[in-house]
Amino acid sequence: MKKIIVTGASKGIGYATSLSLAAKGHTVFAVARNEELLQQLEKEASGKNIIPITADISNKAGIDFLIQKIHSVNGIDGLINNAALLINKPFKELSIEDWKQHFELNVFSIVILIKSLLPSFNTRAHIVNIGSMAGYQGAQKYASLSAYGASKAALANLTEYLAIELKDYNISVN
């Protein structure tokens, strides 16, 4: 069975994905900031195949902590980058700090995490970056999501580039 890291595993897509992968027998390193919600996930999965890791990956220290926790794992087969930030404010009210927070978690933490994990990925590993229609040209746009949408557009573009660049390492990126 596969060893898969899922960020943003405490609720929503990350929670459901972690449960589904664990139910199929995969070992899931479920990563989130909220320890209580991770314990709930582990309990719902009956403790099978879920390894909760409480870490804030919006900063290098949190990513370093995560890498340290999985350091002894012999090869990673998958990484699902689901953790994200969405600050719902009109453009004129968004501070530069709000913009920085969006890009820190939604883009830069993913770059740092992937770069940190490159030596740990098995051949034929797979990276999935969870995007949003808010980041795609031509999709309907909604007020108050400019920073979120811009960060998800950057992630979509990064994903396309990584699919090309990591192909030589036999790592698929979607």
# chains A, B, ... in the order shown; residues from 1 in each chain; ligands from 1
$ residues_around --residues "A:Ile5" --least-positions-apart "3" --cutoff "8 Å" --atoms "only C-alpha atoms" --output "list of chain:residue names"
A:Val28, A:Phe29, A:Ala30, A:Val31, A:Ile76, A:Gly78, A:Leu79, A:Ile80
$ write_last_selection --atoms "N, CA and C atoms" --output "tab-separated table (two decimals), in the first residue's frame"
chain	number	residue	atom	x	y	z
A	28	VAL	N	-1.85	7.16	5.71
A	28	VAL	CA	-2.09	8.58	5.47
A	28	VAL	C	-1.47	9.40	6.60
A	29	PHE	N	-0.57	10.28	6.22
A	29	PHE	CA	-0.02	11.26	7.16
A	29	PHE	C	-0.93	12.48	7.04
A	30	ALA	N	-1.86	12.59	7.98
A	30	ALA	CA	-2.87	13.65	7.96
A	30	ALA	C	-2.33	14.87	8.68
A	31	VAL	N	-2.17	15.96	7.94
A	31	VAL	CA	-1.53	17.16	8.47
A	31	VAL	C	-2.53	18.30	8.57
A	76	ILE	N	7.93	8.24	0.10
A	76	ILE	CA	6.58	8.80	0.04
A	76	ILE	C	6.05	8.55	-1.37
A	78	GLY	N	2.81	9.72	-2.31
A	78	GLY	CA	1.90	10.77	-2.73
A	78	GLY	C	1.87	11.94	-1.78
A	79	LEU	N	1.57	13.09	-2.33
A	79	LEU	CA	1.40	14.32	-1.57
A	79	LEU	C	0.17	15.02	-2.11
A	80	ILE	N	-0.79	15.26	-1.25
A	80	ILE	CA	-1.99	16.00	-1.64
A	80	ILE	C	-1.96	17.32	-0.89
$ closest_atom_pairs --of "stretch 88-116 of chain A" --to "stretch 34-57 of chain A" --cutoff "12 Å" --atoms "only C-alpha atoms" --output "tab-separated table"
residue	atom	partner	partner_atom	distance
A:Gln101	CA	A:Ile57	CA	11.7
A:Glu104	CA	A:Ile57	CA	9.2
A:Leu105	CA	A:Ile57	CA	7.1
A:Asn106	CA	A:Ile57	CA	10.0
A:Val107	CA	A:Ile57	CA	11.1
A:Phe108	CA	A:Ile57	CA	9.8
A:Ser109	CA	A:Ile57	CA	6.3
A:Ile110	CA	A:Ile57	CA	8.6
A:Val111	CA	A:Ile57	CA	11.1
A:Ile112	CA	A:Ile57	CA	9.4
A:Leu113	CA	A:Ile57	CA	8.2
A:Ile114	CA	A:Ile57	CA	11.8
$ write_last_selection --atoms "all heavy atoms" --output "compact mmCIF listing (two decimals), in the first residue's frame"
# COMPACT_ATOMS: atom_id res chain seq x y z
N GLN A 101 -0.32 36.50 3.30
CA GLN A 101 -0.79 35.26 3.94
C GLN A 101 -1.35 34.28 2.91
O GLN A 101 -1.10 33.08 3.00
CB GLN A 101 -1.87 35.57 4.99
CG GLN A 101 -1.33 36.20 6.25
CD GLN A 101 -2.44 36.53 7.24
OE1 GLN A 101 -3.62 36.49 6.91
NE2 GLN A 101 -2.04 36.85 8.46
N GLU A 104 1.66 32.93 1.02
CA GLU A 104 2.50 32.13 1.91
C GLU A 104 1.98 30.71 2.01
O GLU A 104 2.74 29.76 1.84
CB GLU A 104 2.48 32.76 3.31
CG GLU A 104 3.71 33.21 3.99
CD GLU A 104 5.06 33.07 3.37
OE1 GLU A 104 5.68 32.00 3.49
OE2 GLU A 104 5.56 34.03 2.79
N LEU A 105 0.69 30.54 2.29
CA LEU A 105 0.13 29.19 2.45
C LEU A 105 -0.23 28.55 1.12
O LEU A 105 0.10 27.39 0.88
CB LEU A 105 -1.09 29.22 3.38
CG LEU A 105 -1.72 27.85 3.65
CD1 LEU A 105 -0.71 26.87 4.25
CD2 LEU A 105 -2.92 27.98 4.56
N ASN A 106 -0.90 29.29 0.26
CA ASN A 106 -1.46 28.69 -0.96
C ASN A 106 -0.44 28.45 -2.07
O ASN A 106 -0.73 27.72 -3.01
CB ASN A 106 -2.59 29.57 -1.50
CG ASN A 106 -3.75 29.69 -0.52
OD1 ASN A 106 -3.78 29.06 0.53
ND2 ASN A 106 -4.71 30.53 -0.85
N VAL A 107 0.74 29.06 -1.95
CA VAL A 107 1.77 28.87 -2.99
C VAL A 107 3.12 28.52 -2.37
O VAL A 107 3.67 27.45 -2.62
CB VAL A 107 1.91 30.12 -3.90
CG1 VAL A 107 2.94 29.88 -4.99
CG2 VAL A 107 0.57 30.51 -4.51
N PHE A 108 3.67 29.43 -1.57
CA PHE A 108 5.05 29.26 -1.11
C PHE A 108 5.23 28.04 -0.21
O PHE A 108 6.24 27.35 -0.30
CB PHE A 108 5.56 30.52 -0.41
CG PHE A 108 5.57 31.73 -1.29
CD1 PHE A 108 5.11 32.95 -0.83
CD2 PHE A 108 6.01 31.66 -2.61
CE1 PHE A 108 5.11 34.07 -1.65
CE2 PHE A 108 6.00 32.77 -3.44
CZ PHE A 108 5.55 33.98 -2.95
N SER A 109 4.25 27.75 0.64
CA SER A 109 4.39 26.56 1.50
C SER A 109 4.41 25.29 0.66
O SER A 109 5.12 24.33 0.98
CB SER A 109 3.26 26.49 2.54
OG SER A 109 2.02 26.23 1.93
N ILE A 110 3.69 25.28 -0.44
CA ILE A 110 3.67 24.12 -1.33
C ILE A 110 5.02 23.97 -2.02
O ILE A 110 5.56 22.86 -2.13
CB ILE A 110 2.50 24.24 -2.34
CG1 ILE A 110 1.18 24.08 -1.58
CG2 ILE A 110 2.63 23.24 -3.47
CD1 ILE A 110 -0.06 24.43 -2.38
N VAL A 111 5.59 25.09 -2.46
CA VAL A 111 6.92 25.06 -3.08
C VAL A 111 7.94 24.50 -2.09
O VAL A 111 8.71 23.59 -2.41
CB VAL A 111 7.34 26.47 -3.56
CG1 VAL A 111 8.81 26.50 -3.94
CG2 VAL A 111 6.46 26.93 -4.72
N ILE A 112 7.94 25.03 -0.88
CA ILE A 112 8.90 24.59 0.14
C ILE A 112 8.69 23.13 0.49
O ILE A 112 9.65 22.36 0.61
CB ILE A 112 8.81 25.49 1.40
CG1 ILE A 112 9.23 26.92 1.05
CG2 ILE A 112 9.68 24.93 2.53
CD1 ILE A 112 8.88 27.94 2.13
N LEU A 113 7.44 22.72 0.65
CA LEU A 113 7.14 21.33 1.01
C LEU A 113 7.60 20.37 -0.09
O LEU A 113 8.26 19.36 0.19
CB LEU A 113 5.65 21.17 1.28
CG LEU A 113 5.18 19.83 1.80
CD1 LEU A 113 5.92 19.43 3.08
CD2 LEU A 113 3.68 19.86 2.06
N ILE A 114 7.29 20.68 -1.33
CA ILE A 114 7.70 19.80 -2.43
C ILE A 114 9.22 19.74 -2.53
O ILE A 114 9.80 18.66 -2.66
CB ILE A 114 7.06 20.24 -3.76
CG1 ILE A 114 5.54 20.00 -3.74
CG2 ILE A 114 7.70 19.50 -4.95
CD1 ILE A 114 4.78 20.60 -4.90
$ closest_residue --among "A:Leu86, A:Val6, A:Ala32, A:Ile67" --to "A:Tyr148" --atoms "only C-alpha atoms"
A:Leu86
$ residues_around --residues "stretch 151-154 of chain A" --least-positions-apart "4" --cutoff "10 Å" --atoms "only C-alpha atoms" --output "mmCIF file with N, CA and C atoms, in the first residue's frame"
data_model
loop_
_atom_site.group_PDB
_atom_site.id
_atom_site.type_symbol
_atom_site.label_atom_id
_atom_site.label_comp_id
_atom_site.auth_asym_id
_atom_site.auth_seq_id
_atom_site.Cartn_x
_atom_site.Cartn_y
_atom_site.Cartn_z
ATOM 1 N N ALA A 84 -5.226 25.407 2.617
ATOM 2 C CA ALA A 84 -5.366 26.680 1.918
ATOM 3 C C ALA A 84 -5.950 27.729 2.854
ATOM 4 N N LEU A 85 -5.771 28.959 2.457
ATOM 5 C CA LEU A 85 -6.328 30.099 3.175
ATOM 6 C C LEU A 85 -7.247 30.852 2.236
ATOM 7 N N LEU A 86 -8.390 31.280 2.758
ATOM 8 C CA LEU A 86 -9.309 32.117 2.001
ATOM 9 C C LEU A 86 -9.775 33.233 2.925
ATOM 10 N N TRP A 99 -2.660 39.646 1.542
ATOM 11 C CA TRP A 99 -2.122 39.097 0.296
ATOM 12 C C TRP A 99 -0.948 38.165 0.584
ATOM 13 N N LYS A 100 -0.054 38.590 1.455
ATOM 14 C CA LYS A 100 1.113 37.776 1.797
ATOM 15 C C LYS A 100 0.687 36.454 2.435
ATOM 16 N N GLN A 101 -0.322 36.500 3.303
ATOM 17 C CA GLN A 101 -0.793 35.261 3.942
ATOM 18 C C GLN A 101 -1.345 34.283 2.909
ATOM 19 N N HIS A 102 -2.099 34.784 1.944
ATOM 20 C CA HIS A 102 -2.633 33.912 0.894
ATOM 21 C C HIS A 102 -1.498 33.224 0.133
ATOM 22 N N PHE A 103 -0.543 34.005 -0.313
ATOM 23 C CA PHE A 103 0.542 33.430 -1.110
ATOM 24 C C PHE A 103 1.481 32.575 -0.263
ATOM 25 N N GLU A 104 1.658 32.931 1.022
ATOM 26 C CA GLU A 104 2.504 32.132 1.913
ATOM 27 C C GLU A 104 1.984 30.711 2.008
ATOM 28 N N LEU A 105 0.690 30.544 2.286
ATOM 29 C CA LEU A 105 0.135 29.193 2.455
ATOM 30 C C LEU A 105 -0.234 28.552 1.122
ATOM 31 N N ASN A 106 -0.901 29.286 0.258
ATOM 32 C CA ASN A 106 -1.460 28.694 -0.960
ATOM 33 C C ASN A 106 -0.440 28.451 -2.066
ATOM 34 N N VAL A 107 0.742 29.060 -1.950
ATOM 35 C CA VAL A 107 1.768 28.871 -2.987
ATOM 36 C C VAL A 107 3.119 28.521 -2.374
ATOM 37 N N PHE A 108 3.675 29.432 -1.572
ATOM 38 C CA PHE A 108 5.052 29.258 -1.107
ATOM 39 C C PHE A 108 5.226 28.040 -0.207
ATOM 40 N N ASN A 129 -2.124 19.024 -6.348
ATOM 41 C CA ASN A 129 -2.342 20.346 -5.766
ATOM 42 C C ASN A 129 -3.814 20.695 -5.932
ATOM 43 N N ILE A 130 -4.501 20.863 -4.817
ATOM 44 C CA ILE A 130 -5.928 21.171 -4.869
ATOM 45 C C ILE A 130 -6.091 22.652 -5.217
ATOM 46 N N GLY A 131 -6.697 22.905 -6.343
ATOM 47 C CA GLY A 131 -6.886 24.265 -6.816
ATOM 48 C C GLY A 131 -8.289 24.765 -6.547
ATOM 49 N N SER A 132 -8.688 25.721 -7.341
ATOM 50 C CA SER A 132 -10.016 26.309 -7.229
ATOM 51 C C SER A 132 -10.367 26.924 -8.579
ATOM 52 N N MET A 133 -11.614 26.887 -8.917
ATOM 53 C CA MET A 133 -12.048 27.556 -10.144
ATOM 54 C C MET A 133 -11.788 29.056 -10.052
ATOM 55 N N ALA A 134 -11.636 29.571 -8.835
ATOM 56 C CA ALA A 134 -11.319 30.992 -8.652
ATOM 57 C C ALA A 134 -9.987 31.344 -9.295
ATOM 58 N N GLY A 135 -9.140 30.346 -9.524
ATOM 59 C CA GLY A 135 -7.822 30.589 -10.092
ATOM 60 C C GLY A 135 -7.711 30.340 -11.579
ATOM 61 N N TYR A 136 -8.809 30.048 -12.248
ATOM 62 C CA TYR A 136 -8.747 29.731 -13.669
ATOM 63 C C TYR A 136 -9.329 30.847 -14.522
ATOM 64 N N GLN A 137 -8.589 31.212 -15.568
ATOM 65 C CA GLN A 137 -9.042 32.242 -16.488
ATOM 66 C C GLN A 137 -10.320 31.780 -17.172
ATOM 67 N N LEU A 145 -12.781 37.796 -3.458
ATOM 68 C CA LEU A 145 -11.892 36.638 -3.523
ATOM 69 C C LEU A 145 -10.634 36.902 -4.367
ATOM 70 N N SER A 146 -10.270 38.166 -4.536
ATOM 71 C CA SER A 146 -9.148 38.485 -5.432
ATOM 72 C C SER A 146 -7.830 37.889 -4.950
ATOM 73 N N ALA A 147 -7.510 37.987 -3.681
ATOM 74 C CA ALA A 147 -6.235 37.453 -3.184
ATOM 75 C C ALA A 147 -6.238 35.920 -3.262
ATOM 76 N N LEU A 158 1.950 26.908 -11.401
ATOM 77 C CA LEU A 158 3.058 26.160 -10.806
ATOM 78 C C LEU A 158 2.887 24.665 -11.073
ATOM 79 N N THR A 159 1.684 24.170 -10.928
ATOM 80 C CA THR A 159 1.401 22.748 -11.130
ATOM 81 C C THR A 159 1.755 22.321 -12.555
#
$ select_by_dssp --residues "stretch 29-147 of chain A" --states "helix (DSSP H, G or I)" --output "PyMOL selection string"
chain A and resi 35-44+60-70+91-93+96-120+133-135+146-147
$ atom_distance --atom1 "atom CA of A:Leu166" --atom2 "atom CA of A:Lys3"
19.0 Å
$ residues_around --residues "stretch 118-126 of chain A" --least-positions-apart "2" --cutoff "9 Å" --atoms "only C-alpha atoms" --output "PDB file with C-alpha atoms, in the first residue's frame"
ATOM      1  CA  HIS A  71      11.887  11.552   8.138  1.00  0.00           C
ATOM      2  CA  VAL A  73       9.404   6.898   6.494  1.00  0.00           C
ATOM      3  CA  ASN A  74      10.964   4.871   3.731  1.00  0.00           C
ATOM      4  CA  GLY A  75       9.649   6.687   0.675  1.00  0.00           C
ATOM      5  CA  ILE A  76       6.577   8.796   0.042  1.00  0.00           C
ATOM      6  CA  ASP A  77       4.200   7.767  -2.737  1.00  0.00           C
ATOM      7  CA  GLY A  78       1.902  10.766  -2.732  1.00  0.00           C
ATOM      8  CA  LEU A  79       1.399  14.321  -1.567  1.00  0.00           C
ATOM      9  CA  ILE A  80      -1.986  15.999  -1.640  1.00  0.00           C
ATOM     10  CA  LEU A 113       7.142  21.334   1.011  1.00  0.00           C
ATOM     11  CA  ILE A 114       7.701  19.799  -2.434  1.00  0.00           C
ATOM     12  CA  LYS A 115      11.350  20.905  -2.525  1.00  0.00           C
ATOM     13  CA  SER A 116      11.866  19.466   0.970  1.00  0.00           C
ATOM     14  CA  VAL A 128      -1.871  16.622  -6.344  1.00  0.00           C
ATOM     15  CA  TYR A 169      12.148  12.171 -11.610  1.00  0.00           C
ATOM     16  CA  ASN A 170       9.120   9.988 -12.456  1.00  0.00           C
ATOM     17  CA  ILE A 171       6.918  12.189 -10.288  1.00  0.00           C
ATOM     18  CA  SER A 172       3.485  13.049 -11.688  1.00  0.00           C
ATOM     19  CA  VAL A 173       1.966  16.410 -10.773  1.00  0.00           C
ATOM     20  CA  ASN A 174      -1.681  17.361 -11.221  1.00  0.00           C
TER      21      ASN A 174
END
$ atom_distance --atom1 "atom CA of A:Ile70" --atom2 "atom CA of A:Leu162"
22.6 Å
$ closest_residue --among "A:Met1, A:Lys11, A:Ala23, A:Ser144" --to "A:Leu94" --atoms "only C-alpha atoms"
A:Ser144
$ atom_distance --atom1 "atom CA of A:Arg33" --atom2 "atom CA of A:Asn81"
14.1 Å
$ closest_residue --among "A:Ile87, A:Ser18, A:Gly8, A:Thr27" --to "A:Ser58" --atoms "only C-alpha atoms"
A:Gly8
$ select_by_dssp --residues "chain A" --states "strand (DSSP E)" --output "VMD selection string"
chain A and resid 3 to 7 27 to 32 50 to 54 76 to 81 121 to 129 172 to 173
